[in-house]
Amino acid sequence: MRHKQSKQIKPGATIGILGGGQLGRMIALAGRAMGYRFVTMDPTPDAPCGQTADEQIVARYDDVEAAMRLAAASDVISYEFENVDAQVAEVLESKSYVPQGSRLLRITQNRIREKTAIQEMGIPVAPFRVVASLADLQQAVRELGLPAVMKTATGGYDGKGQWVLKREEELAEAYETLAKAGTELIVEQFVPFELELSVIAARNPDGDLAVFPTAENVHQDNILHLSIVPARVSAEIRERAERIALTIVEKLDVVGLLAIEMFLTRDGQLYVNELAPRPHNSGHYTMEACATSQFEQHVRAVCNLPLGSTELLTPVVMVNILGEHLQPILDRIDALPRSAKLHLYGKAESKEKRKMGHLNVLAPTVEEALGLIEKLEIWSTKTEVQS
């Protein structure tokens with residue numbers, strides 16, 4: 001279906017980006033190679049995207065006046081993370097060309113709306129309940145059982161804003177702690193999954209679709225550690241995951257990219273966990289391993305160009321570089337495998353658990369790539385798969 005706002009933005013035009021983090025930086029790097037100019041808006045001076053854009057407007061995300069300056073300087077506007085102020089996005093949508101729109105933001109900014117929308121498509125999600133009191137929480141646990149996962153409906157990433165409930169004795173403390181966020185709370189039945197998978201799909205305003213190969217994700221301390229591609233599951237499961245992703249993208253009338261995180265259970269069931277309407281950490285592997293990177297694809301999609309090939313050219317493992325890994329990486333830069341591609345984000349301050357960059361290791365097999373990463377002895381081998 002053709003998007004109601006459908007026009008082609010050709011190279012030479014200026015793309016505005018709400019948000020100035022590493023995703024915006026890599027969008028700008030890909031887009032500049034195609035001939036586009038960039039202006040970004042972010043409260044942090046010299047933000048990662050600001051370093052690669054032609055101009056950075058330093059302002060808070062809810063600053064409507066600054067957003068209007070962004071609109072005036074841009075031929076098309078995109079956003080690089082979903083916690084952009086939705087009211088600002090709505091204002092921009094009425095005053096400028098924002099093909100992603102604010103509807104998708106509104107859905108993906110709230111876990112209740114997101115899970116309800118997915119469920120209405122007939123796609124499985126973990127059974128959930130909305131809770132507004134301790135009594136609601138106790139009733140939800142009676143219905144869903146333990147363990148269960150309580151989350152804030154808005155905000156939270158990398159495991160923040162969550163509590164894995166294991167015993168009834170901790171319900172009061174968990175509710176009191178998460179209720180301080182002042183947002184709605186949701187309780188989900190714990191899915192005893194074997195693996196987490198993610199798929200990134202793209203759609204342009206004319207309705208062209210493309211899907212990237214399924215990634216297998218491994219977490220440490222609730223932060224993505226590795227993305228392994230091809231995922232070590234059957235071709236049938238990979239294809240099913242990709243079909244789910246394309247269904248969601250079509251049903252939500254997405255423009256740009258949508259990342260879909262899924263749980264795979266022992267009996268082969270797939271449950272959608274979360275959506276992200278943007279390039280995604282688990283898609284960084286595409287930068288060298290696919291014919292088109294997720295960042296180039298995002299530019300193509302929002303500018304209504306034909307989408308690029310998503311063919312996987314080589315097996316790959318992406319490993320995140322957090323603050324504690326940055327200096328070891330720099331110290332051992334001469335020891336990096338020839339097939340390793342280093343990407344650093346230009347963040348001013350290195351903090352523990354903060355994403356500072358990533359390494360894409362290409363190899364004939366994912367097992368060989370994992371072996372090369374292990375030989376560097378930078379990352380702990382203890383991993384947990386937990387969302």
# chains A, B, ... in the order shown; residues from 1 in each chain; ligands from 1
call {"tool": "select_by_dssp", "arguments": {"residues": "range 167-381 of chain A", "states": "alpha helix (DSSP H)", "output": "ChimeraX atom specification"}}
result
/A:171-179,235-251,286-289,294-302,323-331,366-376
call {"tool": "residues_around", "arguments": {"residues": "range 51-53 of chain A", "least_positions_apart": "2", "cutoff": "9 Å", "atoms": "only C-alpha atoms", "output": "PDB file with N, CA and C atoms, in the first residue's frame"}}
result
ATOM      1  N   GLY A  24      22.210   7.664  15.112  1.00  0.00           N
ATOM      2  CA  GLY A  24      22.189   8.813  14.215  1.00  0.00           C
ATOM      3  C   GLY A  24      23.531   9.013  13.532  1.00  0.00           C
ATOM      4  N   ARG A  25      24.610   8.801  14.281  1.00  0.00           N
ATOM      5  CA  ARG A  25      25.955   8.934  13.709  1.00  0.00           C
ATOM      6  C   ARG A  25      26.141   7.995  12.521  1.00  0.00           C
ATOM      7  N   MET A  26      25.717   6.730  12.709  1.00  0.00           N
ATOM      8  CA  MET A  26      25.926   5.748  11.646  1.00  0.00           C
ATOM      9  C   MET A  26      24.945   5.932  10.491  1.00  0.00           C
ATOM     10  N   ALA A  28      24.067   8.964   9.535  1.00  0.00           N
ATOM     11  CA  ALA A  28      24.685  10.082   8.821  1.00  0.00           C
ATOM     12  C   ALA A  28      25.896   9.631   8.015  1.00  0.00           C
ATOM     13  N   LEU A  29      26.708   8.750   8.575  1.00  0.00           N
ATOM     14  CA  LEU A  29      27.870   8.259   7.832  1.00  0.00           C
ATOM     15  C   LEU A  29      27.444   7.534   6.558  1.00  0.00           C
ATOM     16  N   ARG A  32      25.817  10.242   4.112  1.00  0.00           N
ATOM     17  CA  ARG A  32      26.790  11.155   3.499  1.00  0.00           C
ATOM     18  C   ARG A  32      27.475  10.475   2.312  1.00  0.00           C
ATOM     19  N   ARG A  37      23.023  15.527   3.014  1.00  0.00           N
ATOM     20  CA  ARG A  37      23.522  16.369   4.108  1.00  0.00           C
ATOM     21  C   ARG A  37      22.665  16.087   5.340  1.00  0.00           C
ATOM     22  N   PHE A  38      23.194  16.427   6.524  1.00  0.00           N
ATOM     23  CA  PHE A  38      22.499  16.082   7.771  1.00  0.00           C
ATOM     24  C   PHE A  38      22.533  17.230   8.775  1.00  0.00           C
ATOM     25  N   VAL A  39      21.426  17.371   9.497  1.00  0.00           N
ATOM     26  CA  VAL A  39      21.366  18.243  10.668  1.00  0.00           C
ATOM     27  C   VAL A  39      20.700  17.433  11.772  1.00  0.00           C
ATOM     28  N   THR A  40      21.242  17.534  12.992  1.00  0.00           N
ATOM     29  CA  THR A  40      20.724  16.727  14.101  1.00  0.00           C
ATOM     30  C   THR A  40      20.372  17.624  15.275  1.00  0.00           C
ATOM     31  N   ASP A  46      28.433  18.333  20.825  1.00  0.00           N
ATOM     32  CA  ASP A  46      29.363  17.413  20.166  1.00  0.00           C
ATOM     33  C   ASP A  46      28.915  15.962  20.351  1.00  0.00           C
ATOM     34  N   ALA A  47      27.621  15.734  20.187  1.00  0.00           N
ATOM     35  CA  ALA A  47      27.073  14.377  20.293  1.00  0.00           C
ATOM     36  C   ALA A  47      27.630  13.513  19.160  1.00  0.00           C
ATOM     37  N   PRO A  48      27.579  12.174  19.306  1.00  0.00           N
ATOM     38  CA  PRO A  48      28.116  11.306  18.255  1.00  0.00           C
ATOM     39  C   PRO A  48      27.600  11.638  16.856  1.00  0.00           C
ATOM     40  N   CYS A  49      26.290  11.894  16.722  1.00  0.00           N
ATOM     41  CA  CYS A  49      25.755  12.245  15.406  1.00  0.00           C
ATOM     42  C   CYS A  49      26.192  13.648  14.998  1.00  0.00           C
ATOM     43  N   GLU A  55      25.436  20.014  10.779  1.00  0.00           N
ATOM     44  CA  GLU A  55      25.063  20.954  11.839  1.00  0.00           C
ATOM     45  C   GLU A  55      24.401  20.198  12.977  1.00  0.00           C
ATOM     46  N   GLN A  56      24.656  20.624  14.219  1.00  0.00           N
ATOM     47  CA  GLN A  56      23.931  20.092  15.370  1.00  0.00           C
ATOM     48  C   GLN A  56      23.215  21.229  16.079  1.00  0.00           C
ATOM     49  N   GLY A 346      32.578   7.810  19.251  1.00  0.00           N
ATOM     50  CA  GLY A 346      32.961   9.200  19.502  1.00  0.00           C
ATOM     51  C   GLY A 346      32.340   9.802  20.742  1.00  0.00           C
TER      52      GLY A 346
END
call {"tool": "closest_residue", "arguments": {"among": "A:Arg238, A:Lys7, A:Arg266, A:Arg167", "to": "Val98 in chain A", "atoms": "only C-alpha atoms"}}
result
A:Lys7
call {"tool": "select_by_dssp", "arguments": {"residues": "range 292-337 of chain A", "states": "strand (DSSP E)", "output": "PDB file with N, CA and C atoms, in the first residue's frame"}}
result
ATOM      1  N   VAL A 316      29.013 -13.747  10.451  1.00  0.00           N
ATOM      2  CA  VAL A 316      29.543 -12.615  11.226  1.00  0.00           C
ATOM      3  C   VAL A 316      29.089 -12.728  12.673  1.00  0.00           C
ATOM      4  N   VAL A 317      29.919 -12.229  13.575  1.00  0.00           N
ATOM      5  CA  VAL A 317      29.509 -12.038  14.973  1.00  0.00           C
ATOM      6  C   VAL A 317      29.816 -10.592  15.343  1.00  0.00           C
ATOM      7  N   MET A 318      28.794  -9.881  15.816  1.00  0.00           N
ATOM      8  CA  MET A 318      28.968  -8.533  16.341  1.00  0.00           C
ATOM      9  C   MET A 318      29.121  -8.622  17.854  1.00  0.00           C
ATOM     10  N   VAL A 319      30.141  -7.945  18.392  1.00  0.00           N
ATOM     11  CA  VAL A 319      30.325  -7.911  19.841  1.00  0.00           C
ATOM     12  C   VAL A 319      30.360  -6.449  20.282  1.00  0.00           C
ATOM     13  N   ASN A 320      29.573  -6.121  21.311  1.00  0.00           N
ATOM     14  CA  ASN A 320      29.522  -4.749  21.805  1.00  0.00           C
ATOM     15  C   ASN A 320      30.776  -4.392  22.592  1.00  0.00           C
ATOM     16  N   ILE A 321      31.203  -3.161  22.436  1.00  0.00           N
ATOM     17  CA  ILE A 321      32.325  -2.616  23.205  1.00  0.00           C
ATOM     18  C   ILE A 321      31.733  -1.642  24.221  1.00  0.00           C
ATOM     19  N   LEU A 322      31.719  -2.054  25.491  1.00  0.00           N
ATOM     20  CA  LEU A 322      31.231  -1.186  26.570  1.00  0.00           C
ATOM     21  C   LEU A 322      32.400  -0.396  27.145  1.00  0.00           C
TER      22      LEU A 322
END
call {"tool": "atom_distance", "arguments": {"atom1": "CA of His298 in chain A", "atom2": "CA of Ala66 in chain A"}}
result
23.9 Å
call {"tool": "atom_distance", "arguments": {"atom1": "CA of Gly145 in chain A", "atom2": "CA of Asn110 in chain A"}}
result
23.4 Å
call {"tool": "closest_residue", "arguments": {"among": "A:Thr152, A:Ser282, A:Gln294, A:Asn273", "to": "Ile228 in chain A", "atoms": "only C-alpha atoms"}}
result
A:Ser282
call {"tool": "closest_residue", "arguments": {"among": "A:Gly101, A:Ser309, A:Tyr175, A:Met287", "to": "Ala340 in chain A", "atoms": "only C-alpha atoms"}}
result
A:Met287
call {"tool": "residues_around", "arguments": {"residues": "range 193-199 of chain A", "least_positions_apart": "3", "cutoff": "10 Å", "atoms": "only C-alpha atoms", "output": "ChimeraX atom specification"}}
result
/A:190,211-219,227-228,231-233,237-238,241-246,258-275,280,282-283,385-387
call {"tool": "residues_around", "arguments": {"residues": "Gly122 in chain A", "least_positions_apart": "3", "cutoff": "12 Å", "atoms": "only C-alpha atoms", "output": "list in words"}}
result
Lys115, Thr116, Ala117, Ile118, Gln119, Val125, Ile244, Thr247, Ile248, Lys251, Tyr271 and Val272 of chain A
call {"tool": "residues_around", "arguments": {"residues": "Met68 in chain A", "least_positions_apart": "4", "cutoff": "8 Å", "atoms": "only C-alpha atoms", "output": "PyMOL selection string"}}
result
chain A and resi 64+72+92
call {"tool": "atom_distance", "arguments": {"atom1": "CA of Arg60 in chain A", "atom2": "CA of Lys351 in chain A"}}
result
22.2 Å
call {"tool": "residues_around", "arguments": {"residues": "Arg354 in chain A", "least_positions_apart": "4", "cutoff": "12 Å", "atoms": "only C-alpha atoms", "output": "list in words"}}
result
Gln22, Tyr157, Asp158, Ile223, Leu224, His225, Asn320, Ile321, Leu322, Gly323, Glu324, His325, Leu326, Tyr345, Lys347, Ala348, Glu349, Ser350 and His358 of chain A
call {"tool": "write_last_selection", "arguments": {"atoms": "N, CA and C atoms", "output": "CSV table (one decimal), in the first residue's frame"}}
result
chain,number,residue,atom,x,y,z
A,22,GLN,N,24.7,7.3,18.8
A,22,GLN,CA,25.4,6.5,17.8
A,22,GLN,C,24.6,6.0,16.6
A,157,TYR,N,15.6,0.6,29.2
A,157,TYR,CA,16.3,-0.1,28.2
A,157,TYR,C,17.5,-0.8,28.8
A,158,ASP,N,18.1,-1.8,28.1
A,158,ASP,CA,19.2,-2.5,28.7
A,158,ASP,C,18.9,-3.1,30.1
A,223,ILE,N,22.4,-6.5,28.9
A,223,ILE,CA,22.9,-5.7,27.8
A,223,ILE,C,23.3,-6.6,26.7
A,224,LEU,N,23.0,-6.3,25.4
A,224,LEU,CA,23.4,-7.1,24.3
A,224,LEU,C,24.9,-7.2,24.3
A,225,HIS,N,25.3,-8.5,24.2
A,225,HIS,CA,26.8,-8.8,24.2
A,225,HIS,C,27.2,-9.2,22.8
A,320,ASN,N,29.6,-6.1,21.3
A,320,ASN,CA,29.5,-4.7,21.8
A,320,ASN,C,30.8,-4.4,22.6
A,321,ILE,N,31.2,-3.2,22.4
A,321,ILE,CA,32.3,-2.6,23.2
A,321,ILE,C,31.7,-1.6,24.2
A,322,LEU,N,31.7,-2.1,25.5
A,322,LEU,CA,31.2,-1.2,26.6
A,322,LEU,C,32.4,-0.4,27.1
A,323,GLY,N,32.1,0.5,28.1
A,323,GLY,CA,33.1,1.4,28.6
A,323,GLY,C,34.3,0.6,29.2
A,324,GLU,N,34.0,-0.6,29.8
A,324,GLU,CA,35.1,-1.3,30.4
A,324,GLU,C,36.0,-2.1,29.4
A,325,HIS,N,35.5,-2.1,28.2
A,325,HIS,CA,36.2,-2.8,27.1
A,325,HIS,C,37.0,-1.9,26.2
A,326,LEU,N,36.8,-0.6,26.3
A,326,LEU,CA,37.3,0.3,25.4
A,326,LEU,C,38.9,0.4,25.4
A,345,TYR,N,32.1,5.1,18.7
A,345,TYR,CA,31.0,6.1,18.5
A,345,TYR,C,31.4,7.5,18.8
A,347,LYS,N,32.0,9.0,21.7
A,347,LYS,CA,31.4,9.5,23.0
A,347,LYS,C,32.5,10.1,23.8
A,348,ALA,N,32.2,11.2,24.4
A,348,ALA,CA,33.2,12.0,25.2
A,348,ALA,C,33.7,11.3,26.4
A,349,GLU,N,32.8,10.6,27.1
A,349,GLU,CA,33.1,9.9,28.4
A,349,GLU,C,32.8,8.4,28.3
A,350,SER,N,33.8,7.7,28.7
A,350,SER,CA,33.7,6.2,28.8
A,350,SER,C,33.3,5.8,30.2
A,358,HIS,N,31.4,-1.1,18.7
A,358,HIS,CA,31.2,-2.5,18.5
A,358,HIS,C,32.3,-3.0,17.5
call {"tool": "closest_residue", "arguments": {"among": "A:Leu307, A:Leu185, A:Ala235, A:Leu313", "to": "Ala291 in chain A", "atoms": "only C-alpha atoms"}}
result
A:Leu313
call {"tool": "decode", "arguments": {"residues": "range 301-382 of chain A", "atoms": "C-alpha atoms", "output": "mmCIF file, in the first residue's frame"}}
result
data_model
loop_
_atom_site.group_PDB
_atom_site.id
_atom_site.type_symbol
_atom_site.label_atom_id
_atom_site.label_comp_id
_atom_site.auth_asym_id
_atom_site.auth_seq_id
_atom_site.Cartn_x
_atom_site.Cartn_y
_atom_site.Cartn_z
ATOM 1 C CA ALA A 301 13.439 3.870 3.231
ATOM 2 C CA VAL A 302 12.712 7.333 4.684
ATOM 3 C CA CYS A 303 13.786 8.980 1.396
ATOM 4 C CA ASN A 304 11.560 6.596 -0.611
ATOM 5 C CA LEU A 305 14.398 5.203 -2.693
ATOM 6 C CA PRO A 306 14.314 1.563 -3.835
ATOM 7 C CA LEU A 307 15.390 -0.649 -0.924
ATOM 8 C CA GLY A 308 18.795 -2.316 -1.140
ATOM 9 C CA SER A 309 19.629 -6.013 -1.154
ATOM 10 C CA THR A 310 19.790 -7.593 2.301
ATOM 11 C CA GLU A 311 21.835 -10.580 1.136
ATOM 12 C CA LEU A 312 24.204 -11.962 3.782
ATOM 13 C CA LEU A 313 27.684 -11.974 2.236
ATOM 14 C CA THR A 314 29.512 -13.740 5.076
ATOM 15 C CA PRO A 315 28.886 -15.223 8.538
ATOM 16 C CA VAL A 316 29.543 -12.615 11.226
ATOM 17 C CA VAL A 317 29.509 -12.038 14.973
ATOM 18 C CA MET A 318 28.968 -8.533 16.341
ATOM 19 C CA VAL A 319 30.325 -7.911 19.841
ATOM 20 C CA ASN A 320 29.522 -4.749 21.805
ATOM 21 C CA ILE A 321 32.325 -2.616 23.205
ATOM 22 C CA LEU A 322 31.231 -1.186 26.570
ATOM 23 C CA GLY A 323 33.141 1.357 28.641
ATOM 24 C CA GLU A 324 35.127 -1.341 30.432
ATOM 25 C CA HIS A 325 36.219 -2.845 27.097
ATOM 26 C CA LEU A 326 37.337 0.343 25.354
ATOM 27 C CA GLN A 327 40.875 0.649 26.701
ATOM 28 C CA PRO A 328 41.594 -3.102 26.292
ATOM 29 C CA ILE A 329 40.457 -2.821 22.660
ATOM 30 C CA LEU A 330 42.736 0.154 22.066
ATOM 31 C CA ASP A 331 45.624 -1.574 23.846
ATOM 32 C CA ARG A 332 45.197 -4.662 21.645
ATOM 33 C CA ILE A 333 44.344 -2.973 18.382
ATOM 34 C CA ASP A 334 47.367 -4.594 16.702
ATOM 35 C CA ALA A 335 46.036 -8.020 17.731
ATOM 36 C CA LEU A 336 42.593 -7.607 16.155
ATOM 37 C CA PRO A 337 41.878 -10.198 13.466
ATOM 38 C CA ARG A 338 42.290 -8.979 9.889
ATOM 39 C CA SER A 339 38.611 -9.738 9.357
ATOM 40 C CA ALA A 340 37.497 -7.595 12.322
ATOM 41 C CA LYS A 341 35.909 -4.195 11.660
ATOM 42 C CA LEU A 342 36.097 -1.705 14.530
ATOM 43 C CA HIS A 343 33.408 0.955 15.008
ATOM 44 C CA LEU A 344 33.732 3.530 17.821
ATOM 45 C CA TYR A 345 31.018 6.088 18.499
ATOM 46 C CA GLY A 346 32.961 9.200 19.502
ATOM 47 C CA LYS A 347 31.400 9.506 22.959
ATOM 48 C CA ALA A 348 33.232 11.988 25.169
ATOM 49 C CA GLU A 349 33.101 9.942 28.367
ATOM 50 C CA SER A 350 33.703 6.223 28.765
ATOM 51 C CA LYS A 351 31.583 4.668 31.530
ATOM 52 C CA GLU A 352 31.183 1.077 32.618
ATOM 53 C CA LYS A 353 28.259 -0.634 30.808
ATOM 54 C CA ARG A 354 27.947 2.310 28.383
ATOM 55 C CA LYS A 355 27.992 1.343 24.702
ATOM 56 C CA MET A 356 31.144 2.900 23.241
ATOM 57 C CA GLY A 357 31.388 0.946 19.995
ATOM 58 C CA HIS A 358 31.230 -2.507 18.466
ATOM 59 C CA LEU A 359 33.379 -4.998 16.605
ATOM 60 C CA ASN A 360 32.139 -6.988 13.609
ATOM 61 C CA VAL A 361 34.157 -10.182 13.164
ATOM 62 C CA LEU A 362 33.734 -11.838 9.768
ATOM 63 C CA ALA A 363 34.689 -15.484 9.251
ATOM 64 C CA PRO A 364 33.805 -18.565 7.168
ATOM 65 C CA THR A 365 31.639 -19.789 10.080
ATOM 66 C CA VAL A 366 30.179 -18.177 13.186
ATOM 67 C CA GLU A 367 32.100 -20.699 15.313
ATOM 68 C CA GLU A 368 35.370 -19.366 13.880
ATOM 69 C CA ALA A 369 34.273 -15.781 14.512
ATOM 70 C CA LEU A 370 33.389 -16.632 18.127
ATOM 71 C CA GLY A 371 36.817 -18.262 18.524
ATOM 72 C CA LEU A 372 38.570 -15.123 17.272
ATOM 73 C CA ILE A 373 36.629 -12.995 19.774
ATOM 74 C CA GLU A 374 37.483 -15.361 22.631
ATOM 75 C CA LYS A 375 41.207 -15.242 21.772
ATOM 76 C CA LEU A 376 41.248 -11.479 22.357
ATOM 77 C CA GLU A 377 40.428 -12.156 26.052
ATOM 78 C CA ILE A 378 38.630 -8.832 26.376
ATOM 79 C CA TRP A 379 35.130 -10.107 27.105
ATOM 80 C CA SER A 380 34.086 -12.468 29.853
ATOM 81 C CA THR A 381 32.969 -15.874 28.567
ATOM 82 C CA LYS A 382 30.132 -15.981 31.141
#
